[in-house]
file model_18.tsv (TSV, C-alpha atoms)
chain	number	residue	atom	x	y	z
F	1	MET	CA	15.36	-62.62	-140.46
F	2	ALA	CA	12.57	-63.82	-138.22
F	3	ILE	CA	14.65	-66.81	-137.13
F	4	ASN	CA	17.68	-64.65	-136.44
F	5	LEU	CA	15.58	-62.36	-134.30
F	6	LYS	CA	14.30	-65.31	-132.31
F	7	LEU	CA	17.83	-66.62	-131.79
F	8	TRP	CA	18.92	-63.20	-130.66
F	9	LEU	CA	16.07	-63.07	-128.19
F	10	LEU	CA	16.96	-66.47	-126.85
F	11	TRP	CA	20.52	-65.26	-126.39
F	12	VAL	CA	19.18	-62.27	-124.53
F	13	GLU	CA	17.20	-64.57	-122.23
F	14	GLY	CA	20.34	-66.49	-121.45
F	15	LYS	CA	22.08	-63.37	-120.22
F	16	THR	CA	19.49	-62.87	-117.56
F	17	VAL	CA	19.89	-64.34	-114.14
F	18	PRO	CA	16.89	-64.89	-111.85
F	19	THR	CA	17.05	-62.35	-109.10
F	20	THR	CA	16.46	-63.14	-105.47
F	21	ASN	CA	14.78	-59.94	-104.32
F	22	ARG	CA	11.41	-61.08	-105.64
F	23	SER	CA	11.09	-64.16	-103.45
F	24	HIS	CA	8.49	-62.31	-101.35
F	25	LEU	CA	6.13	-62.66	-104.30
F	26	GLN	CA	6.37	-66.44	-104.29
F	27	GLU	CA	4.14	-68.34	-101.92
F	28	SER	CA	4.59	-72.00	-101.22
F	29	MET	CA	1.99	-72.85	-103.86
F	30	ASP	CA	3.60	-70.40	-106.27
F	31	ASN	CA	0.48	-68.30	-106.43
F	32	LEU	CA	0.26	-64.96	-108.13
F	33	VAL	CA	-0.64	-62.51	-105.38
F	34	ILE	CA	-2.29	-59.25	-106.41
F	35	ALA	CA	-3.51	-56.82	-103.77
F	36	GLY	CA	-3.35	-59.55	-101.16
F	37	LYS	CA	-5.40	-62.08	-103.09
F	38	ALA	CA	-3.83	-65.29	-104.41
F	39	TYR	CA	-4.47	-66.66	-107.88
F	40	THR	CA	-3.21	-70.00	-109.18
F	41	SER	CA	-3.18	-68.93	-112.84
F	42	ARG	CA	-0.61	-66.44	-114.07
F	43	LEU	CA	-2.45	-65.97	-117.35
F	44	LEU	CA	-4.96	-63.12	-117.48
F	45	VAL	CA	-7.15	-62.84	-120.54
F	46	GLY	CA	-9.38	-60.32	-122.22
F	47	THR	CA	-12.89	-61.02	-123.43
F	48	GLY	CA	-12.97	-58.97	-126.64
F	49	LYS	CA	-12.89	-59.83	-130.35
F	50	TYR	CA	-14.43	-63.30	-130.09
F	51	LYS	CA	-16.92	-64.59	-132.66
F	52	ASP	CA	-19.66	-64.99	-130.06
F	53	PHE	CA	-20.16	-65.45	-126.34
F	54	ASN	CA	-19.90	-69.22	-126.64
F	55	GLU	CA	-16.43	-68.97	-128.15
F	56	THR	CA	-15.51	-66.41	-125.48
F	57	ARG	CA	-16.58	-68.79	-122.74
F	58	MET	CA	-14.82	-71.83	-124.21
F	59	ALA	CA	-11.56	-69.95	-124.84
F	60	ILE	CA	-11.50	-68.52	-121.35
F	61	GLU	CA	-12.19	-71.91	-119.81
F	62	ALA	CA	-9.36	-73.43	-121.89
F	63	SER	CA	-6.99	-70.65	-120.79
F	64	GLY	CA	-7.51	-71.46	-117.12
F	65	ALA	CA	-7.51	-67.73	-116.39
F	66	GLU	CA	-9.05	-66.53	-113.14
F	67	ILE	CA	-8.78	-62.81	-113.85
F	68	ILE	CA	-10.54	-61.62	-116.99
F	69	THR	CA	-10.77	-58.11	-118.33
F	70	VAL	CA	-14.01	-56.46	-119.43
F	71	ALA	CA	-14.73	-53.10	-121.03
F	72	ILE	CA	-17.38	-50.63	-119.89
F	73	ARG	CA	-19.59	-49.24	-122.62
F	74	ARG	CA	-22.88	-47.41	-123.11
F	75	THR	CA	-25.81	-49.81	-123.23
F	76	ASN	CA	-28.00	-49.90	-126.30
F	77	ILE	CA	-31.05	-47.73	-125.70
F	78	GLY	CA	-34.37	-49.02	-126.96
F	79	GLN	CA	-32.97	-51.83	-129.05
F	80	ASN	CA	-32.09	-55.47	-128.40
F	81	ALA	CA	-33.68	-55.50	-124.97
F	82	ASN	CA	-33.11	-59.25	-124.83
F	83	GLU	CA	-29.51	-59.09	-125.97
F	84	PRO	CA	-27.41	-61.51	-123.89
F	85	ASN	CA	-25.02	-59.95	-121.42
F	86	LEU	CA	-21.35	-60.85	-121.14
F	87	LEU	CA	-21.69	-61.25	-117.39
F	88	ASP	CA	-24.34	-63.94	-117.88
F	89	VAL	CA	-21.69	-65.99	-119.70
F	90	LEU	CA	-18.79	-65.05	-117.42
F	91	PRO	CA	-20.36	-64.53	-114.01
F	92	PRO	CA	-18.49	-62.48	-111.40
F	93	SER	CA	-19.02	-65.40	-109.00
F	94	HIS	CA	-16.65	-67.54	-111.12
F	95	TYR	CA	-14.09	-65.00	-112.25
F	96	THR	CA	-12.31	-61.96	-110.92
F	97	LEU	CA	-13.49	-59.33	-113.38
F	98	LEU	CA	-10.99	-56.65	-114.23
F	99	PRO	CA	-12.79	-53.67	-115.75
F	100	ASN	CA	-10.57	-51.65	-118.03
F	101	THR	CA	-10.50	-48.11	-119.38
F	102	ALA	CA	-9.81	-49.09	-122.97
F	103	GLY	CA	-10.67	-46.26	-125.31
F	104	CYS	CA	-10.12	-43.56	-122.69
F	105	TYR	CA	-7.78	-40.74	-123.71
F	106	THR	CA	-8.22	-38.43	-120.72
F	107	VAL	CA	-7.90	-38.67	-116.95
F	108	ASP	CA	-11.55	-37.72	-116.56
F	109	ASP	CA	-12.86	-40.40	-118.91
F	110	ALA	CA	-10.73	-43.10	-117.30
F	111	VAL	CA	-11.70	-42.17	-113.74
F	112	ARG	CA	-15.42	-41.88	-114.58
F	113	THR	CA	-15.35	-45.22	-116.40
F	114	LEU	CA	-13.88	-47.00	-113.40
F	115	ARG	CA	-16.28	-45.36	-110.96
F	116	LEU	CA	-19.10	-46.71	-113.15
F	117	ALA	CA	-17.38	-50.11	-113.22
F	118	ARG	CA	-17.20	-50.21	-109.43
F	119	GLU	CA	-20.91	-49.49	-109.19
F	120	LEU	CA	-21.65	-52.04	-111.92
F	121	LEU	CA	-19.64	-54.75	-110.12
F	122	ASP	CA	-21.04	-54.11	-106.63
F	123	GLY	CA	-18.07	-52.27	-105.17
F	124	HIS	CA	-15.34	-54.39	-106.75
F	125	SER	CA	-12.22	-52.23	-106.66
F	126	LEU	CA	-9.57	-54.13	-108.67
F	127	VAL	CA	-9.26	-52.33	-111.99
F	128	LYS	CA	-7.06	-52.04	-115.04
F	129	LEU	CA	-6.12	-48.46	-115.80
F	130	GLU	CA	-5.00	-47.48	-119.26
F	131	VAL	CA	-5.01	-43.95	-120.60
F	132	LEU	CA	-4.21	-43.97	-124.26
F	133	GLY	CA	-2.29	-41.28	-126.08
F	134	ASP	CA	-2.76	-42.03	-129.73
F	135	PRO	CA	-5.48	-43.90	-131.66
F	136	LYS	CA	-3.04	-45.28	-134.24
F	137	THR	CA	-0.60	-46.93	-131.85
F	138	LEU	CA	-2.79	-47.08	-128.71
F	139	TYR	CA	0.41	-46.18	-126.92
F	140	PRO	CA	-0.24	-45.18	-123.29
F	141	ASN	CA	-0.08	-41.51	-122.30
F	142	MET	CA	1.96	-41.88	-119.14
F	143	VAL	CA	1.53	-38.29	-117.97
F	144	GLU	CA	-2.25	-38.75	-117.93
F	145	THR	CA	-1.93	-42.30	-116.58
F	146	LEU	CA	0.04	-41.07	-113.55
F	147	LYS	CA	-2.62	-38.42	-112.81
F	148	ALA	CA	-5.47	-40.91	-113.15
F	149	ALA	CA	-3.71	-43.48	-110.97
F	150	GLU	CA	-3.28	-40.90	-108.21
F	151	ILE	CA	-6.99	-40.06	-108.18
F	152	LEU	CA	-8.06	-43.71	-108.29
F	153	ILE	CA	-5.73	-44.76	-105.50
F	154	LYS	CA	-7.08	-41.92	-103.31
F	155	GLU	CA	-10.56	-43.34	-103.98
F	156	ASP	CA	-9.41	-46.79	-102.75
F	157	PHE	CA	-9.26	-48.46	-106.13
F	158	GLN	CA	-6.72	-51.25	-106.51
F	159	VAL	CA	-5.01	-50.19	-109.69
F	160	MET	CA	-3.30	-52.54	-112.11
F	161	VAL	CA	-1.78	-50.16	-114.59
F	162	TYR	CA	-0.94	-50.46	-118.27
F	163	THR	CA	2.33	-48.69	-118.85
F	164	SER	CA	5.09	-48.08	-121.33
F	165	ASP	CA	8.21	-50.14	-120.64
F	166	ASP	CA	9.96	-47.17	-119.01
F	167	PRO	CA	11.57	-48.44	-115.79
F	168	ILE	CA	11.37	-45.04	-114.08
F	169	ILE	CA	7.65	-44.61	-114.76
F	170	ALA	CA	7.02	-48.20	-113.68
F	171	LYS	CA	8.75	-47.51	-110.36
F	172	GLN	CA	6.79	-44.28	-109.87
F	173	LEU	CA	3.53	-46.14	-110.42
F	174	GLU	CA	4.58	-48.68	-107.83
F	175	GLU	CA	5.58	-46.00	-105.32
F	176	MET	CA	2.29	-44.15	-105.67
F	177	GLY	CA	0.43	-47.33	-104.72
F	178	CYS	CA	-0.52	-49.28	-107.83
F	179	VAL	CA	-0.95	-52.99	-107.05
F	180	ALA	CA	0.63	-54.23	-110.30
F	181	VAL	CA	2.49	-52.68	-113.22
F	182	MET	CA	1.74	-53.99	-116.68
F	183	PRO	CA	4.28	-52.89	-119.28
F	184	LEU	CA	3.60	-53.52	-122.93
F	185	ALA	CA	5.62	-56.14	-124.80
F	186	SER	CA	4.65	-54.37	-128.03
F	187	LEU	CA	1.65	-52.41	-129.27
F	188	ILE	CA	-1.86	-53.53	-128.25
F	189	GLY	CA	-3.19	-56.12	-130.68
F	190	SER	CA	0.01	-56.14	-132.75
F	191	GLY	CA	1.20	-59.65	-131.92
F	192	MET	CA	4.77	-58.44	-132.32
F	193	GLY	CA	6.04	-60.16	-129.19
F	194	ILE	CA	8.59	-58.80	-126.73
F	195	LEU	CA	10.43	-55.98	-128.43
F	196	ASN	CA	12.50	-54.77	-125.51
F	197	PRO	CA	13.40	-57.55	-123.09
F	198	TRP	CA	16.12	-55.35	-121.63
F	199	ASN	CA	13.68	-52.76	-120.33
F	200	LEU	CA	11.32	-55.46	-119.08
F	201	GLN	CA	14.20	-57.01	-117.18
F	202	ILE	CA	15.05	-53.72	-115.49
F	203	ILE	CA	11.40	-53.21	-114.51
F	204	ILE	CA	11.17	-56.75	-113.13
F	205	ASP	CA	14.41	-56.49	-111.17
F	206	ASN	CA	13.36	-53.18	-109.58
F	207	ALA	CA	9.75	-54.06	-108.80
F	208	ARG	CA	8.35	-55.10	-105.46
F	209	ILE	CA	4.83	-55.52	-106.85
F	210	PRO	CA	3.77	-57.96	-109.58
F	211	VAL	CA	4.90	-57.16	-113.11
F	212	LEU	CA	2.66	-58.47	-115.87
F	213	VAL	CA	3.31	-58.17	-119.56
F	214	ASP	CA	0.19	-56.67	-121.07
F	215	ALA	CA	-0.21	-56.31	-124.82
F	216	GLY	CA	1.81	-57.49	-127.77
F	217	VAL	CA	1.99	-61.24	-127.19
F	218	GLY	CA	1.45	-62.98	-130.53
F	219	THR	CA	1.99	-66.66	-129.87
F	220	ALA	CA	2.86	-69.11	-127.13
F	221	SER	CA	6.64	-68.61	-127.20
F	222	ASP	CA	6.18	-64.88	-126.55
F	223	ALA	CA	4.32	-65.68	-123.33
F	224	THR	CA	6.96	-68.20	-122.32
F	225	ILE	CA	9.76	-65.69	-122.91
F	226	ALA	CA	7.93	-63.13	-120.77
F	227	MET	CA	7.64	-65.62	-117.94
F	228	GLU	CA	11.27	-66.77	-118.32
F	229	LEU	CA	12.32	-63.14	-117.91
F	230	GLY	CA	10.66	-63.26	-114.49
F	231	CYS	CA	7.33	-61.63	-115.18
F	232	ASP	CA	4.70	-62.53	-112.60
F	233	GLY	CA	2.02	-62.98	-115.23
F	234	VAL	CA	0.88	-62.21	-118.75
F	235	LEU	CA	-2.30	-60.48	-119.90
F	236	MET	CA	-3.47	-61.05	-123.45
F	237	ASN	CA	-6.56	-60.92	-125.62
F	238	THR	CA	-5.93	-60.72	-129.35
F	239	ALA	CA	-3.29	-63.47	-129.40
F	240	ILE	CA	-6.05	-65.88	-128.42
F	241	ALA	CA	-9.14	-64.29	-129.97
F	242	ALA	CA	-7.53	-63.65	-133.36
F	243	ALA	CA	-5.93	-67.10	-133.65
F	244	THR	CA	-7.43	-69.35	-136.31
F	245	HIS	CA	-8.54	-71.68	-133.51
F	246	PRO	CA	-8.95	-69.50	-130.41
F	247	VAL	CA	-9.82	-72.29	-127.97
F	248	LEU	CA	-6.74	-74.29	-128.95
F	249	MET	CA	-4.56	-71.17	-128.67
F	250	ALA	CA	-6.01	-70.50	-125.23
F	251	SER	CA	-4.89	-73.96	-124.17
F	252	ALA	CA	-1.45	-73.34	-125.69
F	253	MET	CA	-1.12	-70.06	-123.79
F	254	LYS	CA	-1.99	-71.74	-120.51
F	255	LYS	CA	0.85	-74.21	-121.02
F	256	ALA	CA	3.21	-71.53	-122.32
F	257	VAL	CA	2.79	-69.41	-119.20
F	258	GLU	CA	3.17	-72.41	-116.90
F	259	SER	CA	6.19	-73.62	-118.82
F	260	GLY	CA	7.90	-70.24	-118.75
F	261	ARG	CA	7.22	-69.89	-115.05
F	262	GLU	CA	8.71	-73.29	-114.28
F	263	ALA	CA	11.76	-72.56	-116.43
F	264	TYR	CA	12.26	-69.26	-114.60
F	265	GLN	CA	12.05	-70.98	-111.24
F	266	ALA	CA	14.27	-73.84	-112.38
F	267	GLY	CA	16.97	-71.33	-113.35
F	268	ARG	CA	18.31	-71.91	-116.79
F	269	MET	CA	21.88	-73.07	-117.50
F	270	PRO	CA	24.39	-70.39	-118.34
F	271	LYS	CA	25.13	-69.89	-122.02
F	272	LYS	CA	28.58	-70.81	-123.32
F	273	LEU	CA	29.53	-68.87	-126.39
F	274	TYR	CA	31.68	-70.83	-128.88
F	275	SER	CA	32.35	-73.59	-126.36
F	276	ALA	CA	30.60	-76.94	-126.47
F	277	SER	CA	30.18	-79.24	-123.49
F	278	PRO	CA	29.37	-82.91	-124.20
F	279	SER	CA	26.50	-84.50	-122.36
F	280	SER	CA	27.96	-87.99	-122.74
F	281	PRO	CA	31.14	-89.25	-120.97
F	282	VAL	CA	34.39	-88.37	-122.71
F	283	ASP	CA	36.11	-91.55	-121.43
F	284	GLY	CA	35.47	-95.11	-122.54
F	285	VAL	CA	34.80	-94.45	-126.18
F	286	ILE	CA	35.70	-97.62	-128.13
F	287	ALA	CA	39.13	-97.73	-129.72
F	288	PRO	CA	39.34	-96.41	-133.22
F	289	ALA	CA	39.95	-98.97	-135.99
F	290	ASP	CA	43.05	-97.05	-136.97
F	291	SER	CA	45.16	-97.21	-133.76
F	292	THR	CA	47.49	-94.48	-134.96
F	293	VAL	CA	44.73	-91.98	-134.31
F	294	THR	CA	44.74	-90.68	-130.75
F	295	ARG	CA	41.18	-89.83	-129.89
F	296	LYS	CA	41.47	-88.71	-126.30
F	297	THR	CA	42.62	-85.21	-125.75
F	298	ALA	CA	44.15	-84.98	-122.32
F	299	GLN	CA	44.55	-81.24	-122.02
J	300	MET	CA	-42.14	-31.78	-120.74
J	301	ILE	CA	-38.54	-32.54	-119.81
J	302	GLN	CA	-35.63	-33.44	-122.03
J	303	LEU	CA	-32.93	-35.86	-120.89
J	304	THR	CA	-29.76	-36.78	-122.73
J	305	ILE	CA	-29.28	-40.53	-122.39
J	306	ASN	CA	-26.00	-41.94	-123.70
J	307	GLY	CA	-25.66	-38.90	-125.88
J	308	GLN	CA	-29.17	-39.09	-127.33
J	309	PRO	CA	-31.90	-36.57	-126.40
J	310	GLN	CA	-35.23	-38.01	-125.23
J	311	GLN	CA	-38.41	-36.16	-124.22
J	312	PHE	CA	-40.73	-37.16	-121.40
J	313	GLU	CA	-44.24	-35.78	-120.87
J	314	SER	CA	-44.26	-35.98	-117.09
J	315	PRO	CA	-41.70	-36.05	-114.27
J	316	ILE	CA	-39.87	-39.33	-114.01
J	317	ASN	CA	-37.50	-40.89	-111.48
J	318	LEU	CA	-34.55	-43.11	-112.29
J	319	THR	CA	-36.35	-46.38	-111.50
J	320	GLN	CA	-39.10	-45.39	-113.92
J	321	LEU	CA	-36.56	-44.47	-116.57
J	322	VAL	CA	-34.83	-47.85	-116.21
J	323	GLU	CA	-38.20	-49.57	-116.69
J	324	HIS	CA	-39.05	-47.30	-119.62
J	325	LEU	CA	-35.79	-48.40	-121.29
J	326	ALA	CA	-36.53	-52.07	-120.51
J	327	LEU	CA	-33.33	-52.31	-118.49
J	328	GLN	CA	-34.84	-53.48	-115.22
J	329	GLY	CA	-33.04	-56.51	-113.80
J	330	LYS	CA	-30.03	-55.91	-116.06
J	331	ARG	CA	-26.59	-55.34	-114.63
J	332	ILE	CA	-26.08	-51.66	-115.40
J	333	ALA	CA	-24.53	-48.62	-113.79
J	334	ILE	CA	-25.74	-45.04	-114.16
J	335	GLU	CA	-23.98	-41.71	-113.99
J	336	ARG	CA	-26.13	-38.57	-113.70
J	337	ASN	CA	-24.42	-35.31	-114.57
J	338	GLY	CA	-21.05	-36.85	-113.80
J	339	GLU	CA	-22.08	-38.42	-110.47
J	340	ILE	CA	-22.54	-42.15	-109.92
J	341	ILE	CA	-26.03	-43.00	-108.69
J	342	ALA	CA	-26.17	-46.13	-106.52
J	343	ARG	CA	-28.87	-48.60	-107.53
J	344	SER	CA	-30.51	-48.21	-104.12
J	345	GLN	CA	-30.98	-44.50	-104.86
J	346	PHE	CA	-32.70	-44.85	-108.23
J	347	ALA	CA	-36.23	-44.38	-106.89
J	348	ALA	CA	-35.24	-41.26	-104.97
J	349	GLN	CA	-33.68	-39.59	-108.01
J	350	MET	CA	-36.23	-37.35	-109.71
J	351	LEU	CA	-34.79	-36.44	-113.06
J	352	GLU	CA	-34.68	-32.84	-114.22
J	353	HIS	CA	-34.78	-31.14	-117.58
J	354	GLY	CA	-31.30	-31.11	-119.11
J	355	ASP	CA	-29.93	-34.05	-117.12
J	356	GLN	CA	-27.11	-35.91	-118.77
J	357	LEU	CA	-27.24	-39.65	-118.12
J	358	GLU	CA	-24.73	-42.34	-118.94
J	359	ILE	CA	-25.97	-45.92	-118.66
J	360	VAL	CA	-23.28	-48.58	-119.06
J	361	VAL	CA	-22.82	-52.33	-119.14
J	362	ALA	CA	-19.82	-54.66	-119.19
J	363	VAL	CA	-18.81	-55.82	-122.67
J	364	GLY	CA	-15.99	-57.90	-124.07
J	365	GLY	CA	-12.65	-56.14	-124.00
J	366	GLY	CA	-8.97	-56.55	-123.32
call {"tool": "encode", "arguments": {"input": "model_18.tsv", "output": "structure tokens"}}
result
Amino acid sequence: MAINLKLWLLWVEGKTVPTTNRSHLQESMDNLVIAGKAYTSRLLVGTGKYKDFNETRMAIEASGAEIITVAIRRTNIGQNANEPNLLDVLPPSHYTLLPNTAGCYTVDDAVRTLRLARELLDGHSLVKLEVLGDPKTLYPNMVETLKAAEILIKEDFQVMVYTSDDPIIAKQLEEMGCVAVMPLASLIGSGMGILNPWNLQIIIDNARIPVLVDAGVGTASDATIAMELGCDGVLMNTAIAAATHPVLMASAMKKAVESGREAYQAGRMPKKLYSASPSSPVDGVIAPADSTVTRKTAQ
Amino acid sequence: MIQLTINGQPQQFESPINLTQLVEHLALQGKRIAIERNGEIIARSQFAAQMLEHGDQLEIVVAVGGG
């Protein structure tokens, strides 16, 4: 079943044709441009769920990511005063930190969290907005997300927004001024891969801002498929952190994203259903031992 | 005596205290933190000027690993 699903997905990929209306997003160096800033890596990674800060640092270095997400949480009061800080390991001078609103279920909580993040990061305004609707699925509440995005944009935040894979909502988020839309491939932390490539394709074809798959990537081929669809980037955390060997998976994801991007730009061959096409010349095959057999078919 | 609620936990203080003093009291000086007082962000440069009042609600946050 799993293999059939993969084959079906590959067939789906083949139906898609790279569109031309997104050429404005490609610079000569093929950078990912978000809110006017260019990044060479199209892989964005989270910093959660690692064994320790050392593993976090090594995995993120192996991923080649330049944009890394962080969460904002209450500090421990009166305990572990010498506890190491994530930002000592991943300094803002080396990475573009993308504070998120993970765990926020209301507009107010999300907006307050990002105001705190901006103060924490010395006025840094690039943020990842997610307003969740349900603790079991962590599915985004798009009604609340739209309200929060409006407030944040008015306050001059640059909002990269986690969204359902609804093409209409994605377009609305773009029109209100978000700097990137980030539809889910499947549920956060599920590793289920891309469940609806059709919707993703519609979002990508309609978008004039970067589209990044955020959530649901399980292994390298999922990231490659996302990039082959024409996504501008992929954001992941659990696929790396929960791998048996996170640093090796981080390296695999770096290559997967690069590979998918190159394949997208190269433009894949069209698929031919039930019709083979030889790669070797049809003429000049040696004569068959039995000369009564006519090998060449002239039609 | 004033009572402050810091990250959801009540704490009593014998004498008036400003935000810089509170940060030192909590051994958070020099750490990368951000503070919200009664729903308003307080810039680090304003800590010393913020005299805390009985009933204040404070949120003190840091960056942690997350996706």
call {"tool": "atom_distance", "arguments": {"input": "model_18.tsv", "atom1": "atom CA of Gly218 of chain F", "atom2": "atom CA of Leu43 of chain F"}}
result
14.1 Å
call {"tool": "closest_residue", "arguments": {"input": "model_18.tsv", "among": "J:Ala333, J:Glu339, J:Ala348, J:Gly354", "to": "chain F", "atoms": "all atoms listed in the file"}}
result
J:Ala333
call {"tool": "atom_distance", "arguments": {"input": "model_18.tsv", "atom1": "atom CA of Tyr95 of chain F", "atom2": "atom CA of Glu83 of chain F"}}
result
21.5 Å
call {"tool": "interface_residues", "arguments": {"input": "model_18.tsv", "of": "chain F", "to": "chain J", "cutoff": "8 Å", "atoms": "all atoms listed in the file", "output": "ChimeraX atom specification"}}
result
/F:45-49,69-75,77-78,81,85-87,99-100,102,112,115-117,119-120,236-238
call {"tool": "write_last_selection", "arguments": {"input": "model_18.tsv", "atoms": "C-alpha atoms", "output": "PDB file, keeping the file's coordinate frame"}}
result
ATOM      1  CA  VAL F  45      -7.150 -62.840-120.540  1.00  0.00           C
ATOM      2  CA  GLY F  46      -9.380 -60.320-122.220  1.00  0.00           C
ATOM      3  CA  THR F  47     -12.890 -61.020-123.430  1.00  0.00           C
ATOM      4  CA  GLY F  48     -12.970 -58.970-126.640  1.00  0.00           C
ATOM      5  CA  LYS F  49     -12.890 -59.830-130.350  1.00  0.00           C
ATOM      6  CA  THR F  69     -10.770 -58.110-118.330  1.00  0.00           C
ATOM      7  CA  VAL F  70     -14.010 -56.460-119.430  1.00  0.00           C
ATOM      8  CA  ALA F  71     -14.730 -53.100-121.030  1.00  0.00           C
ATOM      9  CA  ILE F  72     -17.380 -50.630-119.890  1.00  0.00           C
ATOM     10  CA  ARG F  73     -19.590 -49.240-122.620  1.00  0.00           C
ATOM     11  CA  ARG F  74     -22.880 -47.410-123.110  1.00  0.00           C
ATOM     12  CA  THR F  75     -25.810 -49.810-123.230  1.00  0.00           C
ATOM     13  CA  ILE F  77     -31.050 -47.730-125.700  1.00  0.00           C
ATOM     14  CA  GLY F  78     -34.370 -49.020-126.960  1.00  0.00           C
ATOM     15  CA  ALA F  81     -33.680 -55.500-124.970  1.00  0.00           C
ATOM     16  CA  ASN F  85     -25.020 -59.950-121.420  1.00  0.00           C
ATOM     17  CA  LEU F  86     -21.350 -60.850-121.140  1.00  0.00           C
ATOM     18  CA  LEU F  87     -21.690 -61.250-117.390  1.00  0.00           C
ATOM     19  CA  PRO F  99     -12.790 -53.670-115.750  1.00  0.00           C
ATOM     20  CA  ASN F 100     -10.570 -51.650-118.030  1.00  0.00           C
ATOM     21  CA  ALA F 102      -9.810 -49.090-122.970  1.00  0.00           C
ATOM     22  CA  ARG F 112     -15.420 -41.880-114.580  1.00  0.00           C
ATOM     23  CA  ARG F 115     -16.280 -45.360-110.960  1.00  0.00           C
ATOM     24  CA  LEU F 116     -19.100 -46.710-113.150  1.00  0.00           C
ATOM     25  CA  ALA F 117     -17.380 -50.110-113.220  1.00  0.00           C
ATOM     26  CA  GLU F 119     -20.910 -49.490-109.190  1.00  0.00           C
ATOM     27  CA  LEU F 120     -21.650 -52.040-111.920  1.00  0.00           C
ATOM     28  CA  MET F 236      -3.470 -61.050-123.450  1.00  0.00           C
ATOM     29  CA  ASN F 237      -6.560 -60.920-125.620  1.00  0.00           C
ATOM     30  CA  THR F 238      -5.930 -60.720-129.350  1.00  0.00           C
TER      31      THR F 238
END
call {"tool": "atom_distance", "arguments": {"input": "model_18.tsv", "atom1": "atom CA of Val111 of chain F", "atom2": "atom CA of Gly36 of chain F"}}
result
23.0 Å
call {"tool": "axis_aligned_box", "arguments": {"input": "model_18.tsv", "around": "segment 306-309 of chain J", "padding_each_side": "4 Å", "output": "JSON"}}
result
{"center_x": -28.8, "center_y": -39.3, "center_z": -125.5, "size_x": 14.2, "size_y": 13.4, "size_z": 11.6}
